[in-house]
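Content type mmCIF, C-alpha atoms, from the file upload-v2.cif:
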data_query
loop_
_atom_site.label_atom_id
_atom_site.label_comp_id
_atom_site.auth_asym_id
_atom_site.auth_seq_id
_atom_site.Cartn_x
_atom_site.Cartn_y
_atom_site.Cartn_z
CA MET A 1344 -16.43 -4.39 11.21
CA LEU A 1345 -14.32 -7.54 11.19
CA HIS A 1346 -10.88 -7.04 9.68
CA THR A 1347 -9.05 -10.13 8.51
CA VAL A 1348 -5.34 -10.34 7.69
CA ASN A 1349 -3.80 -13.38 6.00
CA LYS A 1350 -0.30 -12.28 4.96
CA SER A 1351 2.94 -12.44 6.94
CA PRO A 1352 3.81 -9.09 8.54
CA PHE A 1353 7.41 -9.66 7.48
CA GLU A 1354 6.55 -9.96 3.81
CA ARG A 1355 3.63 -7.60 3.29
CA ASN A 1356 2.14 -4.42 4.58
CA ALA A 1357 -1.32 -5.94 5.15
CA PHE A 1358 -1.20 -6.02 8.99
CA LYS A 1359 0.13 -2.47 9.34
CA GLY A 1360 -2.28 -1.25 6.67
CA CYS A 1361 -5.12 -2.77 8.64
CA LEU A 1362 -3.98 -1.26 11.95
CA ALA A 1363 -3.68 2.18 10.37
CA ARG A 1364 -7.24 2.18 9.08
CA ALA A 1365 -9.37 0.03 11.37
CA GLN A 1366 -11.53 1.99 13.76
CA LYS A 1367 -10.88 1.64 17.49
CA ASP A 1368 -12.60 -1.39 19.06
CA SER A 1369 -12.79 -3.20 15.71
CA VAL A 1370 -12.10 -6.92 15.67
CA ILE A 1371 -8.99 -8.13 13.84
CA LEU A 1372 -8.52 -11.80 12.97
CA LEU A 1373 -5.06 -13.04 11.98
CA PHE A 1374 -5.08 -16.24 9.92
CA GLU A 1375 -2.97 -18.16 7.37
CA ASP A 1376 0.50 -16.52 7.18
CA ALA A 1377 -0.65 -13.58 9.31
CA VAL A 1378 -0.49 -15.78 12.42
CA TYR A 1379 3.22 -14.91 12.61
CA ALA A 1380 2.13 -11.43 13.72
CA ALA A 1381 0.66 -13.00 16.87
CA ILE A 1382 3.85 -14.77 17.99
CA LYS A 1383 5.98 -13.57 20.90
CA GLY A 1384 9.65 -12.72 20.47
CA THR A 1385 9.58 -11.22 16.97
CA THR A 1386 10.38 -7.68 15.83
CA ILE A 1387 6.65 -7.23 15.15
CA GLU A 1388 5.61 -8.18 18.69
CA SER A 1389 5.51 -4.60 19.99
CA VAL A 1390 3.18 -3.62 17.13
CA THR A 1391 0.84 -6.47 18.02
CA VAL A 1392 0.95 -5.67 21.75
CA ARG A 1393 -0.05 -2.08 20.97
CA ALA A 1394 -2.80 -3.35 18.67
CA THR A 1395 -4.37 -5.32 21.53
CA GLN A 1396 -4.95 -2.03 23.38
CA ASP A 1397 -7.05 -0.54 20.58
CA PHE A 1398 -8.60 -3.63 18.99
CA LYS A 1399 -9.87 -7.08 19.85
CA VAL A 1400 -7.16 -9.19 18.20
CA CYS A 1401 -7.73 -12.89 17.46
CA VAL A 1402 -5.65 -15.57 15.79
CA LEU A 1403 -6.83 -18.76 14.12
CA GLY A 1404 -5.63 -21.80 16.12
CA PRO A 1405 -5.47 -24.37 13.29
CA ASP A 1406 -3.20 -22.03 11.29
CA LEU A 1407 -0.97 -21.56 14.37
CA LYS A 1408 -0.70 -25.30 14.93
CA ALA A 1409 0.03 -25.94 11.26
CA ARG A 1410 3.05 -23.67 11.63
CA GLY A 1411 4.36 -25.29 14.81
CA TYR A 1412 2.95 -22.84 17.36
CA ASP A 1413 0.28 -23.02 20.04
CA GLU A 1414 -1.43 -20.71 22.55
CA GLY A 1415 1.71 -20.54 24.68
CA HIS A 1416 3.58 -18.73 21.92
CA VAL A 1417 0.91 -16.10 21.39
CA VAL A 1418 1.25 -12.47 22.49
CA GLU A 1419 -0.75 -11.72 25.65
CA GLY A 1420 -4.12 -10.17 24.89
CA VAL A 1421 -4.50 -12.03 21.59
CA THR A 1422 -7.32 -14.59 21.63
CA VAL A 1423 -6.93 -17.95 19.92
CA VAL A 1424 -10.08 -18.96 18.02
CA ASP A 1425 -11.19 -21.91 15.89
CA TYR A 1426 -13.05 -22.13 12.56
CA GLY A 1427 -16.42 -22.15 14.29
CA ASP A 1428 -15.51 -18.93 16.09
CA PHE A 1429 -14.40 -17.44 12.77
CA VAL A 1430 -17.88 -18.07 11.35
CA ASP A 1431 -19.55 -16.64 14.48
CA MET A 1432 -17.34 -13.55 14.26
CA VAL A 1433 -18.31 -12.93 10.64
CA VAL A 1434 -21.98 -13.12 11.65
CA ALA A 1435 -21.54 -10.97 14.76
CA TYR A 1436 -19.10 -8.32 13.54
CA GLY A 1437 -19.45 -8.25 9.73
CA PRO A 1438 -19.09 -6.72 7.17
CA VAL A 1439 -15.61 -8.12 6.67
CA VAL A 1440 -12.64 -6.13 5.41
CA ALA A 1441 -10.01 -8.52 4.04
CA TRP A 1442 -6.49 -7.07 4.10
CA LEU A 1443 -4.59 -9.10 1.52
CA MET B 805 -26.53 3.66 -15.67
CA PRO B 806 -26.44 1.87 -19.03
CA GLU B 807 -29.13 -0.75 -19.64
CA ILE B 808 -27.77 -4.21 -20.26
CA GLU B 809 -29.69 -6.38 -22.67
CA GLY B 810 -31.25 -9.43 -21.05
CA VAL B 811 -30.68 -8.14 -17.52
CA GLU B 812 -33.80 -6.94 -15.79
CA ASN B 813 -33.57 -4.40 -12.99
CA THR B 814 -35.51 -6.10 -10.22
CA GLY B 815 -35.33 -3.06 -7.97
CA GLY B 816 -33.16 -4.84 -5.42
CA VAL B 817 -31.46 -3.32 -2.42
CA ILE B 818 -28.73 -0.79 -3.16
CA LYS B 819 -25.71 -1.34 -0.96
CA LYS B 820 -22.68 0.82 -0.35
CA PHE B 821 -19.72 -0.95 -1.94
CA LEU B 822 -16.10 0.03 -1.42
CA TYR B 823 -13.33 -1.30 -3.61
CA LEU B 824 -10.13 -0.84 -1.65
CA ASN B 825 -7.03 -0.84 -3.83
CA SER B 826 -3.76 -1.26 -1.94
CA LYS B 827 -1.42 -2.86 -4.47
CA ALA B 828 0.75 -1.43 -7.24
CA PRO B 829 -0.40 -2.18 -10.80
CA TYR B 830 1.06 -4.82 -13.17
CA GLY B 831 3.40 -6.62 -10.73
CA THR B 832 0.57 -8.76 -9.37
CA VAL B 833 -2.95 -9.47 -10.60
CA TYR B 834 -4.72 -7.77 -7.64
CA ALA B 835 -5.23 -4.39 -9.28
CA LEU B 836 -6.65 -5.85 -12.48
CA GLU B 837 -9.00 -8.16 -10.55
CA VAL B 838 -10.37 -5.27 -8.49
CA LEU B 839 -10.95 -3.25 -11.65
CA GLU B 840 -12.87 -6.21 -13.11
CA MET B 841 -15.03 -6.30 -9.98
CA ILE B 842 -15.71 -2.58 -10.26
CA LEU B 843 -16.89 -3.01 -13.84
CA ILE B 844 -19.15 -5.89 -12.84
CA SER B 845 -20.71 -3.89 -10.03
CA ALA B 846 -21.44 -1.09 -12.50
CA ALA B 847 -23.98 -3.42 -14.09
CA PHE B 848 -25.85 -3.90 -10.79
CA GLU B 849 -26.71 -0.30 -9.92
CA GLN B 850 -24.92 -0.32 -6.59
CA ASP B 851 -23.52 2.67 -4.68
CA VAL B 852 -19.89 2.19 -5.70
CA HIS B 853 -16.90 3.81 -4.02
CA VAL B 854 -13.30 3.20 -5.03
CA ALA B 855 -10.40 3.98 -2.70
CA PHE B 856 -6.64 3.92 -3.25
CA VAL B 857 -4.29 3.39 -0.31
CA ASP B 858 -0.64 2.35 0.09
CA ASP B 859 0.84 1.29 -3.28
CA GLY B 860 -2.70 1.31 -4.71
CA VAL B 861 -2.28 5.02 -5.43
CA TYR B 862 0.15 4.09 -8.22
CA GLN B 863 -2.70 2.47 -10.15
CA ILE B 864 -4.07 5.79 -11.36
CA LYS B 865 -0.85 7.77 -11.79
CA ARG B 866 -0.65 9.43 -15.20
CA GLY B 867 1.56 8.17 -17.99
CA HIS B 868 1.54 4.38 -17.76
CA ASP B 869 3.21 3.09 -20.94
CA THR B 870 2.82 -0.69 -20.83
CA LYS B 871 3.82 -1.54 -24.40
CA GLY B 872 7.23 -2.75 -23.25
CA ILE B 873 5.78 -5.26 -20.78
CA GLU B 874 3.02 -6.43 -23.15
CA MET B 875 0.23 -5.74 -20.67
CA LYS B 876 -2.86 -3.61 -21.09
CA SER B 877 -2.71 -0.22 -19.38
CA PHE B 878 -5.41 0.32 -16.73
CA LEU B 879 -5.69 4.00 -17.36
CA PRO B 880 -8.22 4.01 -20.24
CA THR B 881 -10.51 1.79 -18.15
CA TYR B 882 -10.26 4.10 -15.15
CA ARG B 883 -11.03 7.07 -17.37
CA ALA B 884 -14.13 5.22 -18.63
CA LEU B 885 -15.60 4.62 -15.15
CA GLU B 886 -17.24 8.04 -15.21
CA GLY B 887 -19.43 6.74 -18.04
CA TYR B 888 -20.74 4.08 -15.67
CA ASP B 889 -21.56 6.66 -13.00
CA ILE B 890 -18.62 5.54 -10.89
CA GLU B 891 -17.29 8.87 -9.73
CA LYS B 892 -16.69 8.38 -6.00
CA LEU B 893 -12.93 7.93 -6.07
CA TYR B 894 -10.81 8.53 -2.98
CA VAL B 895 -7.03 8.69 -2.59
CA GLU B 896 -5.48 8.54 0.85
CA LYS B 897 -3.41 11.67 1.40
CA GLU B 898 -0.66 10.02 3.46
CA SER B 899 -0.13 7.25 0.90
CA MET B 900 -0.03 9.79 -1.92
CA GLU B 901 2.44 12.09 -0.19
CA GLU B 902 4.74 9.25 0.90
CA ARG B 903 5.18 8.45 -2.79
CA GLY B 904 5.79 12.01 -3.89
CA LEU B 905 2.46 12.29 -5.70
CA ARG B 906 -0.08 15.11 -5.87
CA ALA B 907 -3.77 15.08 -6.81
CA GLU B 908 -2.82 16.48 -10.25
CA ASP B 909 -0.77 13.35 -10.94
CA PHE B 910 -3.86 11.16 -11.22
CA ILE B 911 -5.63 10.32 -14.46
CA VAL B 912 -9.11 10.83 -12.95
CA PRO B 913 -10.57 13.39 -10.54
CA VAL B 914 -10.21 12.09 -6.98
CA THR B 915 -11.13 13.20 -3.49
CA VAL B 916 -7.98 13.34 -1.38
CA THR B 917 -8.84 11.95 2.04
CA ASN B 918 -6.67 11.68 5.11
CA ARG B 919 -6.13 8.36 6.86
CA LEU B 920 -8.65 9.08 9.61
CA ALA B 921 -11.34 9.98 7.10
CA MET B 922 -10.44 6.85 5.14
CA SER B 923 -11.05 4.73 8.24
CA HIS B 924 -14.49 6.37 8.62
CA LEU B 925 -15.23 5.73 4.94
CA ILE B 926 -14.34 2.04 5.31
CA ALA B 927 -16.44 1.72 8.45
CA SER B 928 -19.49 3.27 6.76
CA MET B 929 -19.70 0.66 3.99
CA ASP B 930 -21.98 -2.37 3.62
CA VAL B 931 -19.46 -4.33 1.57
CA VAL B 932 -15.69 -3.83 1.34
CA LEU B 933 -13.70 -5.71 -1.31
CA GLY B 934 -9.97 -5.30 -1.11
CA GLY B 935 -7.01 -6.16 -3.23
#

What does this structure look like when you write it as structure tokens?
Amino acid sequence: MLHTVNKSPFERNAFKGCLARAQKDSVILLFEDAVYAAIKGTTIESVTVRATQDFKVCVLGPDLKARGYDEGHVVEGVTVVDYGDFVDMVVAYGPVVAWL
Amino acid sequence: MPEIEGVENTGGVIKKFLYLNSKAPYGTVYALEVLEMILISAAFEQDVHVAFVDDGVYQIKRGHDTKGIEMKSFLPTYRALEGYDIEKLYVEKESMEERGLRAEDFIVPVTVTNRLAMSHLIASMDVVLGG
């Protein structure tokens, strides 16, 4: 299963809802406003760090850059991917569960 | 499953569909859109499952009176799903209890499922559509 999250963890429950119900070793991709969950130094950081122990967590690079961040700002253990990787992940790990 | 005029059953593959409701009704359009999808899938003879988690459990709480907000209540539609053979409804126990609800508070018969079982249910599906 590939779980995608696209809402800010500060505004919505989508990221936590995903973490509570994804099976161990699932792949989670953070994109659009969910990229804020991948950034170091926030009150959500500890949640994301813990998530990297149970899941493969990825974040979409173009959405990071659009919001003024790059790989250096990303929590350790979170992988930055591009659109091509996103497509490959859907093929490799689908079906997709979109947490909105 | 009711026959629909002009639509031929081509004997296609039956997939396991899960509609995952996680939003409260009326405040946003998510709940209504998911319900529309459920009704559409009823026409395609798929193996439909409907789950309610987080604020989604409020969607099927008894007693919605929507006259004052000039919106259509969802409850009659949910009650009608049985007529389309959509009877696999699941409510997450933790979400229900956090909101002070019990299984008797829902308008339709549901299977109360804990969060772990819900994660297994999600993982066992061919298609998951959330909202």

Quiz item: Would you list which chain A residues are within 7 Å of chain B using all atoms listed in the file, as a VMD selection string?
Solution: chain A and resid 1344 1364 to 1366 1438 to 1443

Exercise. Find the spatial neighbours of Tyr1426 (chain A), counting all atoms listed in the file, within a cut-off of 10 Å - ignore same-chain residues fewer than 2 positions away - and output them as a PyMOL selection string.
Key: chain A and resi 1403-1406+1424+1428-1432

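Relative to CA of Ser1351 (chain A), CA of Ala1380 (chain A) is found at 6.9 Å.
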
Using the chain letters and residue numbers of this document, give as a PDB file with C-alpha atoms, in the coordinates of the input the residues selected by the PyMOL selection byres ((chain B and resi 917) around 7).
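The result, stored in part.pdb:
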ATOM      1  CA  TYR B 894     -10.810   8.530  -2.980  1.00  0.00           C
ATOM      2  CA  VAL B 895      -7.030   8.690  -2.590  1.00  0.00           C
ATOM      3  CA  GLU B 896      -5.480   8.540   0.850  1.00  0.00           C
ATOM      4  CA  LYS B 897      -3.410  11.670   1.400  1.00  0.00           C
ATOM      5  CA  THR B 915     -11.130  13.200  -3.490  1.00  0.00           C
ATOM      6  CA  VAL B 916      -7.980  13.340  -1.380  1.00  0.00           C
ATOM      7  CA  ASN B 918      -6.670  11.680   5.110  1.00  0.00           C
ATOM      8  CA  ARG B 919      -6.130   8.360   6.860  1.00  0.00           C
ATOM      9  CA  ALA B 921     -11.340   9.980   7.100  1.00  0.00           C
ATOM     10  CA  MET B 922     -10.440   6.850   5.140  1.00  0.00           C
TER      11      MET B 922
END

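What the PyMOL selection byres ((chain A and resi 1359) around 10) grabs from this file is Val1348, Pro1352, Arg1355, Asn1356, Ala1357, Phe1358, Gly1360, Cys1361, Leu1362, Ala1363, Arg1364, Ile1387, Val1390, Thr1391, Ala1394 and Trp1442 of chain A.
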
Selected residues, C-alpha atoms, written as a PDB file, in the coordinates of the input, please.
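Printed below is out_37.pdb as written:
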ATOM      1  CA  VAL A1348      -5.340 -10.340   7.690  1.00  0.00           C
ATOM      2  CA  PRO A1352       3.810  -9.090   8.540  1.00  0.00           C
ATOM      3  CA  ARG A1355       3.630  -7.600   3.290  1.00  0.00           C
ATOM      4  CA  ASN A1356       2.140  -4.420   4.580  1.00  0.00           C
ATOM      5  CA  ALA A1357      -1.320  -5.940   5.150  1.00  0.00           C
ATOM      6  CA  PHE A1358      -1.200  -6.020   8.990  1.00  0.00           C
ATOM      7  CA  GLY A1360      -2.280  -1.250   6.670  1.00  0.00           C
ATOM      8  CA  CYS A1361      -5.120  -2.770   8.640  1.00  0.00           C
ATOM      9  CA  LEU A1362      -3.980  -1.260  11.950  1.00  0.00           C
ATOM     10  CA  ALA A1363      -3.680   2.180  10.370  1.00  0.00           C
ATOM     11  CA  ARG A1364      -7.240   2.180   9.080  1.00  0.00           C
ATOM     12  CA  ILE A1387       6.650  -7.230  15.150  1.00  0.00           C
ATOM     13  CA  VAL A1390       3.180  -3.620  17.130  1.00  0.00           C
ATOM     14  CA  THR A1391       0.840  -6.470  18.020  1.00  0.00           C
ATOM     15  CA  ALA A1394      -2.800  -3.350  18.670  1.00  0.00           C
ATOM     16  CA  TRP A1442      -6.490  -7.070   4.100  1.00  0.00           C
TER      17      TRP A1442
END

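This file, queried with the PyMOL selection byres ((chain B and resi 829) around 9), gives the residues B:Lys827, B:Ala828, B:Tyr830, B:Gly831, B:Thr832, B:Val833, B:Tyr834, B:Ala835, B:Leu836, B:Asp859, B:Gly860, B:Tyr862, B:Gln863, B:Ile864, B:Phe878.
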
Quiz item: Any idea what the distance is between CA of Glu902 (chain B) and CA of Lys865 (chain B)?
Solution: 13.9 Å

Quiz item: So which one's closest to Val838 (chain B), B:Met900, B:Ile818, B:Glu874, B:Tyr882? Using only C-alpha atoms, please.
Solution: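 The answer is B:Tyr882, which sits nearest to Val838 (chain B).
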
Quiz prompt | Nearest residue to Asn825 (chain B) from the set B:Leu893, B:Ile873, B:Leu885, B:Leu843 (distances using all atoms listed in the file) | solution =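 Smallest distance to Asn825 (chain B) is found for B:Leu893.
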